[in-house]
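Peer 1: As input, take coords.pdb (PDB, C-alpha atoms):
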MODEL        1
ATOM      1  CA  MET A   1     -25.672   4.808 -14.172  1.00  0.00           C
ATOM      2  CA  SER A   2     -25.221   2.604 -11.123  1.00  0.00           C
ATOM      3  CA  ALA A   3     -24.865   3.809  -7.546  1.00  0.00           C
ATOM      4  CA  PRO A   4     -21.301   4.194  -6.233  1.00  0.00           C
ATOM      5  CA  LEU A   5     -19.916   1.245  -4.322  1.00  0.00           C
ATOM      6  CA  GLU A   6     -20.202   1.517  -0.577  1.00  0.00           C
ATOM      7  CA  VAL A   7     -17.214   2.811   1.336  1.00  0.00           C
ATOM      8  CA  PRO A   8     -16.591   1.036   4.676  1.00  0.00           C
ATOM      9  CA  PRO A   9     -17.180   3.164   7.801  1.00  0.00           C
ATOM     10  CA  ILE A  10     -13.505   3.052   8.790  1.00  0.00           C
ATOM     11  CA  VAL A  11     -12.572   4.476   5.380  1.00  0.00           C
ATOM     12  CA  GLU A  12     -15.208   7.218   5.762  1.00  0.00           C
ATOM     13  CA  ARG A  13     -13.613   8.048   9.118  1.00  0.00           C
ATOM     14  CA  ALA A  14     -10.182   8.228   7.452  1.00  0.00           C
ATOM     15  CA  PHE A  15     -11.522  10.602   4.768  1.00  0.00           C
ATOM     16  CA  ALA A  16     -12.969  12.828   7.521  1.00  0.00           C
ATOM     17  CA  VAL A  17      -9.660  12.878   9.417  1.00  0.00           C
ATOM     18  CA  GLY A  18      -7.817  13.729   6.210  1.00  0.00           C
ATOM     19  CA  ARG A  19     -10.180  16.623   5.402  1.00  0.00           C
ATOM     20  CA  LYS A  20      -9.875  17.941   8.960  1.00  0.00           C
ATOM     21  CA  ALA A  21      -6.077  17.851   8.658  1.00  0.00           C
ATOM     22  CA  GLY A  22      -6.225  19.597   5.272  1.00  0.00           C
ATOM     23  CA  TYR A  23      -4.695  16.556   3.585  1.00  0.00           C
ATOM     24  CA  VAL A  24      -6.029  15.960   0.094  1.00  0.00           C
ATOM     25  CA  SER A  25      -3.692  13.253  -1.216  1.00  0.00           C
ATOM     26  CA  PHE A  26      -4.813   9.765  -0.320  1.00  0.00           C
ATOM     27  CA  CYS A  27      -5.415   6.243  -1.560  1.00  0.00           C
ATOM     28  CA  ARG A  28      -8.044   6.156  -4.308  1.00  0.00           C
ATOM     29  CA  ASN A  29     -11.188   4.097  -3.728  1.00  0.00           C
ATOM     30  CA  GLU A  30     -10.323   1.876  -6.700  1.00  0.00           C
ATOM     31  CA  THR A  31      -6.972   1.031  -5.160  1.00  0.00           C
ATOM     32  CA  GLY A  32      -8.547   0.763  -1.729  1.00  0.00           C
ATOM     33  CA  ARG A  33     -11.017  -1.872  -2.835  1.00  0.00           C
ATOM     34  CA  LEU A  34      -8.145  -3.861  -4.322  1.00  0.00           C
ATOM     35  CA  LEU A  35      -6.202  -3.511  -1.053  1.00  0.00           C
ATOM     36  CA  ALA A  36      -9.186  -4.731   0.966  1.00  0.00           C
ATOM     37  CA  ALA A  37      -9.553  -7.765  -1.313  1.00  0.00           C
ATOM     38  CA  LEU A  38      -5.846  -8.603  -1.053  1.00  0.00           C
ATOM     39  CA  ALA A  39      -5.820  -8.047   2.732  1.00  0.00           C
ATOM     40  CA  ALA A  40      -8.694 -10.530   3.063  1.00  0.00           C
ATOM     41  CA  THR A  41      -6.333 -13.256   1.801  1.00  0.00           C
ATOM     42  CA  ARG A  42      -3.595 -12.529   4.343  1.00  0.00           C
ATOM     43  CA  SER A  43      -2.785 -13.495   7.905  1.00  0.00           C
ATOM     44  CA  GLY A  44       0.008 -12.471  10.243  1.00  0.00           C
ATOM     45  CA  THR A  45       1.388  -8.942   9.949  1.00  0.00           C
ATOM     46  CA  MET A  46       0.839  -6.480   7.114  1.00  0.00           C
ATOM     47  CA  ALA A  47       2.649  -3.157   6.684  1.00  0.00           C
ATOM     48  CA  GLU A  48       2.293   0.132   4.877  1.00  0.00           C
ATOM     49  CA  PHE A  49       5.020   2.623   4.044  1.00  0.00           C
ATOM     50  CA  GLY A  50       3.644   6.167   3.760  1.00  0.00           C
ATOM     51  CA  THR A  51       0.473   6.375   5.851  1.00  0.00           C
ATOM     52  CA  GLY A  52      -0.609   9.896   4.972  1.00  0.00           C
ATOM     53  CA  CYS A  53      -3.846  10.369   6.924  1.00  0.00           C
ATOM     54  CA  GLY A  54      -4.596   6.661   7.005  1.00  0.00           C
ATOM     55  CA  VAL A  55      -6.980   6.089   4.087  1.00  0.00           C
ATOM     56  CA  GLY A  56      -4.934   3.207   2.647  1.00  0.00           C
ATOM     57  CA  THR A  57      -4.515   1.807   6.150  1.00  0.00           C
ATOM     58  CA  ALA A  58      -8.283   1.959   6.634  1.00  0.00           C
ATOM     59  CA  TRP A  59      -8.875   0.107   3.365  1.00  0.00           C
ATOM     60  CA  LEU A  60      -6.402  -2.595   4.412  1.00  0.00           C
ATOM     61  CA  ARG A  61      -8.066  -2.870   7.819  1.00  0.00           C
ATOM     62  CA  SER A  62     -11.523  -3.118   6.247  1.00  0.00           C
ATOM     63  CA  GLY A  63     -10.529  -6.327   4.478  1.00  0.00           C
ATOM     64  CA  ALA A  64      -8.127  -7.858   6.983  1.00  0.00           C
ATOM     65  CA  PRO A  65      -9.294 -10.954   8.843  1.00  0.00           C
ATOM     66  CA  ALA A  66      -9.480 -11.042  12.626  1.00  0.00           C
ATOM     67  CA  GLY A  67      -6.105 -11.600  14.245  1.00  0.00           C
ATOM     68  CA  THR A  68      -4.196  -9.770  11.518  1.00  0.00           C
ATOM     69  CA  ARG A  69      -1.792  -7.062  12.664  1.00  0.00           C
ATOM     70  CA  LEU A  70      -1.251  -3.892  10.617  1.00  0.00           C
ATOM     71  CA  LEU A  71       1.763  -1.589  11.029  1.00  0.00           C
ATOM     72  CA  THR A  72       2.082   1.670   9.145  1.00  0.00           C
ATOM     73  CA  ALA A  73       4.819   4.301   9.105  1.00  0.00           C
ATOM     74  CA  GLU A  74       4.425   7.984   8.241  1.00  0.00           C
ATOM     75  CA  LEU A  75       7.423  10.322   8.205  1.00  0.00           C
ATOM     76  CA  ASP A  76       5.341  13.453   8.923  1.00  0.00           C
ATOM     77  CA  PRO A  77       4.477  13.369  12.662  1.00  0.00           C
ATOM     78  CA  THR A  78       1.397  15.586  12.176  1.00  0.00           C
ATOM     79  CA  LEU A  79      -0.068  13.183   9.627  1.00  0.00           C
ATOM     80  CA  ALA A  80       0.858  10.175  11.775  1.00  0.00           C
ATOM     81  CA  ARG A  81      -1.015  11.696  14.741  1.00  0.00           C
ATOM     82  CA  ALA A  82      -4.033  12.355  12.535  1.00  0.00           C
ATOM     83  CA  ALA A  83      -4.010   8.778  11.222  1.00  0.00           C
ATOM     84  CA  SER A  84      -3.682   7.430  14.762  1.00  0.00           C
ATOM     85  CA  GLU A  85      -7.071   9.036  15.573  1.00  0.00           C
ATOM     86  CA  ILE A  86      -8.779   6.619  13.199  1.00  0.00           C
ATOM     87  CA  PHE A  87      -7.506   3.532  14.991  1.00  0.00           C
ATOM     88  CA  THR A  88      -7.534   4.547  18.675  1.00  0.00           C
ATOM     89  CA  ASP A  89      -9.983   1.712  19.472  1.00  0.00           C
ATOM     90  CA  ASP A  90      -8.276  -0.893  17.292  1.00  0.00           C
ATOM     91  CA  PRO A  91      -5.265  -2.551  18.954  1.00  0.00           C
ATOM     92  CA  SER A  92      -4.466  -4.480  15.769  1.00  0.00           C
ATOM     93  CA  VAL A  93      -3.372  -1.270  13.981  1.00  0.00           C
ATOM     94  CA  GLU A  94      -0.246   0.659  14.963  1.00  0.00           C
ATOM     95  CA  VAL A  95       0.646   3.989  13.353  1.00  0.00           C
ATOM     96  CA  LEU A  96       4.264   5.064  13.762  1.00  0.00           C
ATOM     97  CA  ALA A  97       5.647   8.545  13.170  1.00  0.00           C
ATOM     98  CA  ALA A  98       8.766   7.186  11.541  1.00  0.00           C
ATOM     99  CA  ASP A  99      10.625   6.394   8.352  1.00  0.00           C
ATOM    100  CA  TRP A 100       9.546   3.176   6.625  1.00  0.00           C
ATOM    101  CA  GLN A 101      12.810   1.529   7.587  1.00  0.00           C
ATOM    102  CA  SER A 102      11.677   1.554  11.223  1.00  0.00           C
ATOM    103  CA  LEU A 103       9.282  -1.266  10.332  1.00  0.00           C
ATOM    104  CA  THR A 104      12.065  -3.635   9.289  1.00  0.00           C
ATOM    105  CA  GLU A 105      12.384  -5.048  12.807  1.00  0.00           C
ATOM    106  CA  HIS A 106       8.773  -6.299  12.541  1.00  0.00           C
ATOM    107  CA  ALA A 107       9.267  -8.152   9.229  1.00  0.00           C
ATOM    108  CA  PRO A 108       8.522 -10.363   7.447  1.00  0.00           C
ATOM    109  CA  PHE A 109       5.127  -9.111   6.278  1.00  0.00           C
ATOM    110  CA  SER A 110       2.373 -11.023   4.528  1.00  0.00           C
ATOM    111  CA  LEU A 111       1.407  -7.885   2.596  1.00  0.00           C
ATOM    112  CA  LEU A 112       3.381  -4.688   2.080  1.00  0.00           C
ATOM    113  CA  PHE A 113       1.698  -1.585   0.628  1.00  0.00           C
ATOM    114  CA  MET A 114       3.921   1.227  -0.624  1.00  0.00           C
ATOM    115  CA  ASP A 115       3.092   4.546  -2.249  1.00  0.00           C
ATOM    116  CA  ALA A 116       5.624   4.212  -5.039  1.00  0.00           C
ATOM    117  CA  GLY A 117       4.695   6.854  -7.585  1.00  0.00           C
ATOM    118  CA  ASP A 118       6.384   7.085 -10.967  1.00  0.00           C
ATOM    119  CA  GLN A 119       9.430   8.905  -9.589  1.00  0.00           C
ATOM    120  CA  ALA A 120      10.008   6.617  -6.603  1.00  0.00           C
ATOM    121  CA  ASP A 121      13.103   4.475  -6.657  1.00  0.00           C
ATOM    122  CA  ILE A 122      12.131   1.683  -4.280  1.00  0.00           C
ATOM    123  CA  ALA A 123      14.322  -1.187  -5.401  1.00  0.00           C
ATOM    124  CA  VAL A 124      13.360  -4.815  -4.978  1.00  0.00           C
ATOM    125  CA  ASP A 125      16.561  -5.497  -3.016  1.00  0.00           C
ATOM    126  CA  ALA A 126      15.600  -2.856  -0.444  1.00  0.00           C
ATOM    127  CA  VAL A 127      12.418  -4.667   0.573  1.00  0.00           C
ATOM    128  CA  ILE A 128      12.567  -8.317  -0.506  1.00  0.00           C
ATOM    129  CA  ASP A 129      13.582  -9.551   2.940  1.00  0.00           C
ATOM    130  CA  LEU A 130      10.647  -7.655   4.451  1.00  0.00           C
ATOM    131  CA  VAL A 131       8.121  -9.861   2.635  1.00  0.00           C
ATOM    132  CA  GLU A 132       7.556 -13.488   3.533  1.00  0.00           C
ATOM    133  CA  PRO A 133       7.611 -16.121   0.781  1.00  0.00           C
ATOM    134  CA  GLY A 134       4.142 -16.010  -0.767  1.00  0.00           C
ATOM    135  CA  GLY A 135       3.727 -12.444   0.513  1.00  0.00           C
ATOM    136  CA  ILE A 136       2.407  -9.625  -1.636  1.00  0.00           C
ATOM    137  CA  VAL A 137       3.876  -6.191  -2.375  1.00  0.00           C
ATOM    138  CA  VAL A 138       1.545  -3.506  -3.759  1.00  0.00           C
ATOM    139  CA  LEU A 139       3.183  -0.462  -5.366  1.00  0.00           C
ATOM    140  CA  ASP A 140       0.649   2.364  -5.642  1.00  0.00           C
ATOM    141  CA  ASP A 141       0.267   5.655  -7.425  1.00  0.00           C
ATOM    142  CA  LEU A 142       1.595   4.723 -10.853  1.00  0.00           C
ATOM    143  CA  THR A 143       0.675   6.145 -14.237  1.00  0.00           C
ATOM    144  CA  PRO A 144      -0.623   3.382 -16.540  1.00  0.00           C
ATOM    145  CA  CYS A 145       1.943   2.443 -19.146  1.00  0.00           C
ATOM    146  CA  GLU A 146       1.303   0.726 -22.471  1.00  0.00           C
ATOM    147  CA  SER A 147       4.922   0.431 -23.589  1.00  0.00           C
ATOM    148  CA  TRP A 148       7.856  -1.782 -22.721  1.00  0.00           C
ATOM    149  CA  PRO A 149      10.061  -0.900 -21.082  1.00  0.00           C
ATOM    150  CA  PRO A 150       7.734   1.264 -18.980  1.00  0.00           C
ATOM    151  CA  VAL A 151       8.124   4.896 -20.040  1.00  0.00           C
ATOM    152  CA  VAL A 152       6.488   7.841 -18.269  1.00  0.00           C
ATOM    153  CA  GLY A 153       7.224  11.432 -19.229  1.00  0.00           C
ATOM    154  CA  GLY A 154       9.794  10.318 -21.779  1.00  0.00           C
ATOM    155  CA  ARG A 155      11.850   8.399 -19.196  1.00  0.00           C
ATOM    156  CA  VAL A 156      12.148   4.687 -18.510  1.00  0.00           C
ATOM    157  CA  VAL A 157      10.821   3.964 -15.023  1.00  0.00           C
ATOM    158  CA  ALA A 158      13.645   1.687 -13.909  1.00  0.00           C
ATOM    159  CA  ALA A 159      12.169   0.732 -10.540  1.00  0.00           C
ATOM    160  CA  ARG A 160       8.893  -0.402 -12.140  1.00  0.00           C
ATOM    161  CA  GLU A 161      10.811  -2.341 -14.789  1.00  0.00           C
ATOM    162  CA  GLN A 162      12.810  -4.048 -12.036  1.00  0.00           C
ATOM    163  CA  TRP A 163       9.682  -5.029 -10.067  1.00  0.00           C
ATOM    164  CA  LEU A 164       8.035  -6.462 -13.178  1.00  0.00           C
ATOM    165  CA  THR A 165      11.067  -8.527 -14.220  1.00  0.00           C
ATOM    166  CA  ASP A 166      12.716  -9.677 -10.981  1.00  0.00           C
ATOM    167  CA  ASP A 167      12.604 -13.484 -10.940  1.00  0.00           C
ATOM    168  CA  ARG A 168      12.097 -13.568  -7.155  1.00  0.00           C
ATOM    169  CA  PHE A 169       8.585 -12.195  -7.715  1.00  0.00           C
ATOM    170  CA  THR A 170       5.661 -12.886  -9.980  1.00  0.00           C
ATOM    171  CA  ALA A 171       4.329  -9.425 -10.795  1.00  0.00           C
ATOM    172  CA  ALA A 172       1.726  -7.657 -12.884  1.00  0.00           C
ATOM    173  CA  GLU A 173       0.772  -4.061 -13.509  1.00  0.00           C
ATOM    174  CA  VAL A 174      -2.965  -3.561 -12.952  1.00  0.00           C
ATOM    175  CA  MET A 175      -4.936  -0.510 -14.029  1.00  0.00           C
ATOM    176  CA  VAL A 176      -7.329   0.477 -11.253  1.00  0.00           C
ATOM    177  CA  ALA A 177      -8.681   3.478 -13.196  1.00  0.00           C
ATOM    178  CA  PRO A 178      -7.966   5.004 -16.622  1.00  0.00           C
ATOM    179  CA  ASP A 179      -5.326   7.245 -15.022  1.00  0.00           C
ATOM    180  CA  ALA A 180      -4.027   5.002 -12.226  1.00  0.00           C
ATOM    181  CA  ALA A 181      -2.177   1.710 -11.957  1.00  0.00           C
ATOM    182  CA  VAL A 182      -0.556  -0.452  -9.306  1.00  0.00           C
ATOM    183  CA  VAL A 183       2.038  -3.194  -9.476  1.00  0.00           C
ATOM    184  CA  ILE A 184       1.176  -6.322  -7.542  1.00  0.00           C
ATOM    185  CA  ALA A 185       4.184  -8.551  -6.872  1.00  0.00           C
ATOM    186  CA  THR A 186       4.029 -11.899  -5.061  1.00  0.00           C
ATOM    187  CA  ARG A 187       7.270 -13.199  -3.632  1.00  0.00           C
ATOM    188  CA  ARG A 188       7.960 -16.662  -4.970  1.00  0.00           C
ATOM    189  CA  ARG A 189       8.144 -19.449  -2.447  1.00  0.00           C
ATOM    190  CA  ILE A 190      11.516 -21.109  -2.017  1.00  0.00           C
ATOM    191  CA  ASP A 191      11.331 -24.822  -2.800  1.00  0.00           C
TER
ENDMDL
END
Rewrite the structure from the file as C-alpha cells, please.

Peer 2:
Amino acid sequence: MSAPLEVPPIVERAFAVGRKAGYVSFCRNETGRLLAALAATRSGTMAEFGTGCGVGTAWLRSGAPAGTRLLTAELDPTLARAASEIFTDDPSVEVLAADWQSLTEHAPFSLLFMDAGDQADIAVDAVIDLVEPGGIVVLDDLTPCESWPPVVGGRVVAAREQWLTDDRFTAAEVMVAPDAAVVIATRRRID
C-alpha cells in the first residue's frame, strides 16, 4: 500500500478550523485535488458557493496561480467567520457571510465551484452568465450514476441531466471515489 498523498498546509489548516468549529462535512481530498488541478489552469476571479469551513476554498487556493482572486460565499455566518480565519493573511481570498447570489456582482468567473448534491436544483440558466466563456463549473457532492438519464434513489436527477446535456457547455461526470462524483462543465466559447 502506498503512502497517502500529501495535503497542502492551507488545507490542513482548513481541516483544523473545521474540527474546532465542530463541522464535519467538507470537500473530500479526492475532489480537492481535482479542484487544485483545475484552479492551476485559471486566471482572473474564481468563486465558490457554499464555503462551509473553507476546505474546498483551501484546495482551490492551493492550486491557484499568483494574481488569481477567490471569492466564496457561506450562508451560515458562524461557518463564514471560521473559514475567514484560514485566509486572514491572504488578500486574494475573500469569504463572505452571504447567499451565493451576492457574488453575482463580481462575475464573470473563470471557475465556479458549487456543492450541488443529488437533491440540489441549481439550473444552468441560474449561473451561466456568472461563468466566462471557456470558464469551468464544478458541481460537487454527487452520487455516481451508471444509468441514463441519471437516477439516484429511484428519481431522475433533472439538474444533473440538464448540466450534462446543455449545449452551452461541454460537460462530463467524473467519479472521484467509488461513492463520489462531480460534474465538470466548461462553458463553450462564442464564435

Peer 1: Spell out the residues picked by the PyMOL selection byres ((chain A and resi 143) around 12) here, as a short mmCIF file (atom, residue, chain, number, x, y, z; two decimals) with C-alpha atoms, in the coordinates of the input.

Peer 2:
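Saved as expr.cif:
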data_model
loop_
_atom_site.label_atom_id
_atom_site.label_comp_id
_atom_site.auth_asym_id
_atom_site.auth_seq_id
_atom_site.Cartn_x
_atom_site.Cartn_y
_atom_site.Cartn_z
CA ALA A 116 5.62 4.21 -5.04
CA GLY A 117 4.70 6.85 -7.58
CA ASP A 118 6.38 7.08 -10.97
CA GLN A 119 9.43 8.90 -9.59
CA LEU A 139 3.18 -0.46 -5.37
CA ASP A 140 0.65 2.36 -5.64
CA ASP A 141 0.27 5.66 -7.42
CA LEU A 142 1.60 4.72 -10.85
CA PRO A 144 -0.62 3.38 -16.54
CA CYS A 145 1.94 2.44 -19.15
CA GLU A 146 1.30 0.73 -22.47
CA SER A 147 4.92 0.43 -23.59
CA PRO A 150 7.73 1.26 -18.98
CA VAL A 151 8.12 4.90 -20.04
CA VAL A 152 6.49 7.84 -18.27
CA GLY A 153 7.22 11.43 -19.23
CA VAL A 157 10.82 3.96 -15.02
CA ARG A 160 8.89 -0.40 -12.14
CA GLU A 173 0.77 -4.06 -13.51
CA VAL A 174 -2.96 -3.56 -12.95
CA MET A 175 -4.94 -0.51 -14.03
CA VAL A 176 -7.33 0.48 -11.25
CA ALA A 177 -8.68 3.48 -13.20
CA PRO A 178 -7.97 5.00 -16.62
CA ASP A 179 -5.33 7.24 -15.02
CA ALA A 180 -4.03 5.00 -12.23
CA ALA A 181 -2.18 1.71 -11.96
CA VAL A 182 -0.56 -0.45 -9.31
CA VAL A 183 2.04 -3.19 -9.48
#

Peer 1: Mind telling me what the PyMOL selection byres ((chain A and resi 128) around 12) catches here, as a ChimeraX atom specification?

Peer 2: /A:104,107-112,122-127,129-137,163,166-169,185-188

Peer 1: Quick one, how far is CA of Arg33 (chain A) from CA of Glu105 (chain A)?

Peer 2: 28.3 Å

Peer 1: Using only C-alpha atoms, which residue out of A:Ser92, A:Ser84, A:Thr51, A:Ser25 lies closest to Gly67 (chain A)?

Peer 2: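 Closest residue, counting only C-alpha atoms: A:Ser92.
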
Peer 1: Counting only C-alpha atoms, note down every residue that has an atom within 12 Å of the point (-9.7, 4.2, 15.1) (file coordinates), as a PyMOL selection string.

Peer 2: chain A and resi 9-14+16-17+53-55+57-58+61-62+81-95

Peer 1: Hey, which of A:Thr45, A:Asn29, A:Gln162, A:Thr78 ends up closest to Ala64 (chain A)? Count all atoms listed in the file.

Peer 2: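 The shortest atom-to-atom distance to Ala64 (chain A) comes from A:Thr45.
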
Peer 1: Could you tell me which residues the PyMOL selection byres ((chain A and resi 103) around 9) returns for this structure, as a ChimeraX atom specification?

Peer 2: /A:47-49,71-73,96,98-102,104-107,130

Peer 1: Rounded to one decimal, what separation in Å do you get between CA of Leu60 (chain A) and CA of Leu38 (chain A)?

Peer 2: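 Computing the Euclidean distance for CA of Leu60 (chain A) and CA of Leu38 (chain A) yields 8.1 Å.
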
Peer 1: Rounded to one decimal in Å, what is the spacing between CA of Ala36 (chain A) and CA of Tyr23 (chain A)?

Peer 2: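 A separation of 21.9 Å between them.
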
Peer 1: Show which residues sit within 6 Å of Pro77 (chain A), as an mmCIF file with C-alpha atoms, in the coordinates of the input. Count all atoms listed in the file, and ignore same-chain residues fewer than 2 positions away.

Peer 2:
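Done, and the output landed in result-v5.cif:
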data_model
loop_
_atom_site.group_PDB
_atom_site.id
_atom_site.type_symbol
_atom_site.label_atom_id
_atom_site.label_comp_id
_atom_site.auth_asym_id
_atom_site.auth_seq_id
_atom_site.Cartn_x
_atom_site.Cartn_y
_atom_site.Cartn_z
ATOM 1 C CA LEU A 79 -0.068 13.183 9.627
ATOM 2 C CA ALA A 80 0.858 10.175 11.775
ATOM 3 C CA ALA A 97 5.647 8.545 13.170
#

Peer 1: Box for region 109-117 of chain A: with edges along x, y and z, all listed atoms inside and 3 Å added on each side, what are the centre and edge lengths in Å to one decimal, as lines of an AutoDock Vina configuration file?

Peer 2:
center_x = 3.5
center_y = -2.1
center_z = -0.7
size_x = 10.2
size_y = 23.9
size_z = 19.9

Peer 1: Kindly complete region 86-107 of chain A to N, CA and C atoms; the output should be written as a PDB file, keeping the file's coordinate frame.

Peer 2:
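Here's the written file selection-v7.pdb:
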ATOM      1  N   ILE A  86      -7.847   7.546  13.839  1.00  0.00           N
ATOM      2  CA  ILE A  86      -8.779   6.619  13.199  1.00  0.00           C
ATOM      3  C   ILE A  86      -8.800   5.283  13.921  1.00  0.00           C
ATOM      4  N   PHE A  87      -7.657   4.882  14.469  1.00  0.00           N
ATOM      5  CA  PHE A  87      -7.506   3.532  14.991  1.00  0.00           C
ATOM      6  C   PHE A  87      -7.322   3.478  16.506  1.00  0.00           C
ATOM      7  N   THR A  88      -7.742   4.514  17.221  1.00  0.00           N
ATOM      8  CA  THR A  88      -7.534   4.547  18.675  1.00  0.00           C
ATOM      9  C   THR A  88      -8.194   3.362  19.385  1.00  0.00           C
ATOM     10  N   ASP A  89      -9.288   2.839  18.839  1.00  0.00           N
ATOM     11  CA  ASP A  89      -9.983   1.712  19.472  1.00  0.00           C
ATOM     12  C   ASP A  89      -9.654   0.372  18.824  1.00  0.00           C
ATOM     13  N   ASP A  90      -8.620   0.333  18.006  1.00  0.00           N
ATOM     14  CA  ASP A  90      -8.276  -0.893  17.292  1.00  0.00           C
ATOM     15  C   ASP A  90      -6.830  -1.278  17.611  1.00  0.00           C
ATOM     16  N   PRO A  91      -6.630  -2.181  18.560  1.00  0.00           N
ATOM     17  CA  PRO A  91      -5.265  -2.551  18.954  1.00  0.00           C
ATOM     18  C   PRO A  91      -4.502  -3.318  17.877  1.00  0.00           C
ATOM     19  N   SER A  92      -5.163  -3.735  16.814  1.00  0.00           N
ATOM     20  CA  SER A  92      -4.466  -4.480  15.769  1.00  0.00           C
ATOM     21  C   SER A  92      -3.771  -3.564  14.763  1.00  0.00           C
ATOM     22  N   VAL A  93      -4.002  -2.239  14.885  1.00  0.00           N
ATOM     23  CA  VAL A  93      -3.372  -1.270  13.981  1.00  0.00           C
ATOM     24  C   VAL A  93      -2.449  -0.368  14.789  1.00  0.00           C
ATOM     25  N   GLU A  94      -1.214  -0.231  14.316  1.00  0.00           N
ATOM     26  CA  GLU A  94      -0.246   0.659  14.963  1.00  0.00           C
ATOM     27  C   GLU A  94       0.304   1.636  13.932  1.00  0.00           C
ATOM     28  N   VAL A  95       0.140   2.931  14.227  1.00  0.00           N
ATOM     29  CA  VAL A  95       0.646   3.989  13.353  1.00  0.00           C
ATOM     30  C   VAL A  95       1.906   4.558  14.001  1.00  0.00           C
ATOM     31  N   LEU A  96       2.998   4.548  13.259  1.00  0.00           N
ATOM     32  CA  LEU A  96       4.264   5.064  13.762  1.00  0.00           C
ATOM     33  C   LEU A  96       4.638   6.346  13.032  1.00  0.00           C
ATOM     34  N   ALA A  97       5.091   7.332  13.771  1.00  0.00           N
ATOM     35  CA  ALA A  97       5.647   8.545  13.170  1.00  0.00           C
ATOM     36  C   ALA A  97       7.123   8.249  12.944  1.00  0.00           C
ATOM     37  N   ALA A  98       7.408   7.663  11.784  1.00  0.00           N
ATOM     38  CA  ALA A  98       8.766   7.186  11.541  1.00  0.00           C
ATOM     39  C   ALA A  98       8.980   6.932  10.055  1.00  0.00           C
ATOM     40  N   ASP A  99      10.238   6.791   9.694  1.00  0.00           N
ATOM     41  CA  ASP A  99      10.625   6.394   8.352  1.00  0.00           C
ATOM     42  C   ASP A  99      10.220   4.932   8.145  1.00  0.00           C
ATOM     43  N   TRP A 100       9.972   4.542   6.902  1.00  0.00           N
ATOM     44  CA  TRP A 100       9.546   3.176   6.625  1.00  0.00           C
ATOM     45  C   TRP A 100      10.537   2.140   7.123  1.00  0.00           C
ATOM     46  N   GLN A 101      11.795   2.497   7.169  1.00  0.00           N
ATOM     47  CA  GLN A 101      12.810   1.529   7.587  1.00  0.00           C
ATOM     48  C   GLN A 101      12.664   1.125   9.051  1.00  0.00           C
ATOM     49  N   SER A 102      11.906   1.916   9.820  1.00  0.00           N
ATOM     50  CA  SER A 102      11.677   1.554  11.223  1.00  0.00           C
ATOM     51  C   SER A 102      10.824   0.290  11.345  1.00  0.00           C
ATOM     52  N   LEU A 103      10.131  -0.073  10.292  1.00  0.00           N
ATOM     53  CA  LEU A 103       9.282  -1.266  10.332  1.00  0.00           C
ATOM     54  C   LEU A 103      10.062  -2.555  10.074  1.00  0.00           C
ATOM     55  N   THR A 104      11.311  -2.436   9.660  1.00  0.00           N
ATOM     56  CA  THR A 104      12.065  -3.635   9.289  1.00  0.00           C
ATOM     57  C   THR A 104      12.204  -4.621  10.440  1.00  0.00           C
ATOM     58  N   GLU A 105      12.245  -4.136  11.665  1.00  0.00           N
ATOM     59  CA  GLU A 105      12.384  -5.048  12.807  1.00  0.00           C
ATOM     60  C   GLU A 105      11.139  -5.892  13.038  1.00  0.00           C
ATOM     61  N   HIS A 106      10.017  -5.553  12.382  1.00  0.00           N
ATOM     62  CA  HIS A 106       8.773  -6.299  12.541  1.00  0.00           C
ATOM     63  C   HIS A 106       8.531  -7.277  11.389  1.00  0.00           C
ATOM     64  N   ALA A 107       9.419  -7.300  10.409  1.00  0.00           N
ATOM     65  CA  ALA A 107       9.267  -8.152   9.229  1.00  0.00           C
ATOM     66  C   ALA A 107       9.522  -9.612   9.601  1.00  0.00           C
TER      67      ALA A 107
END
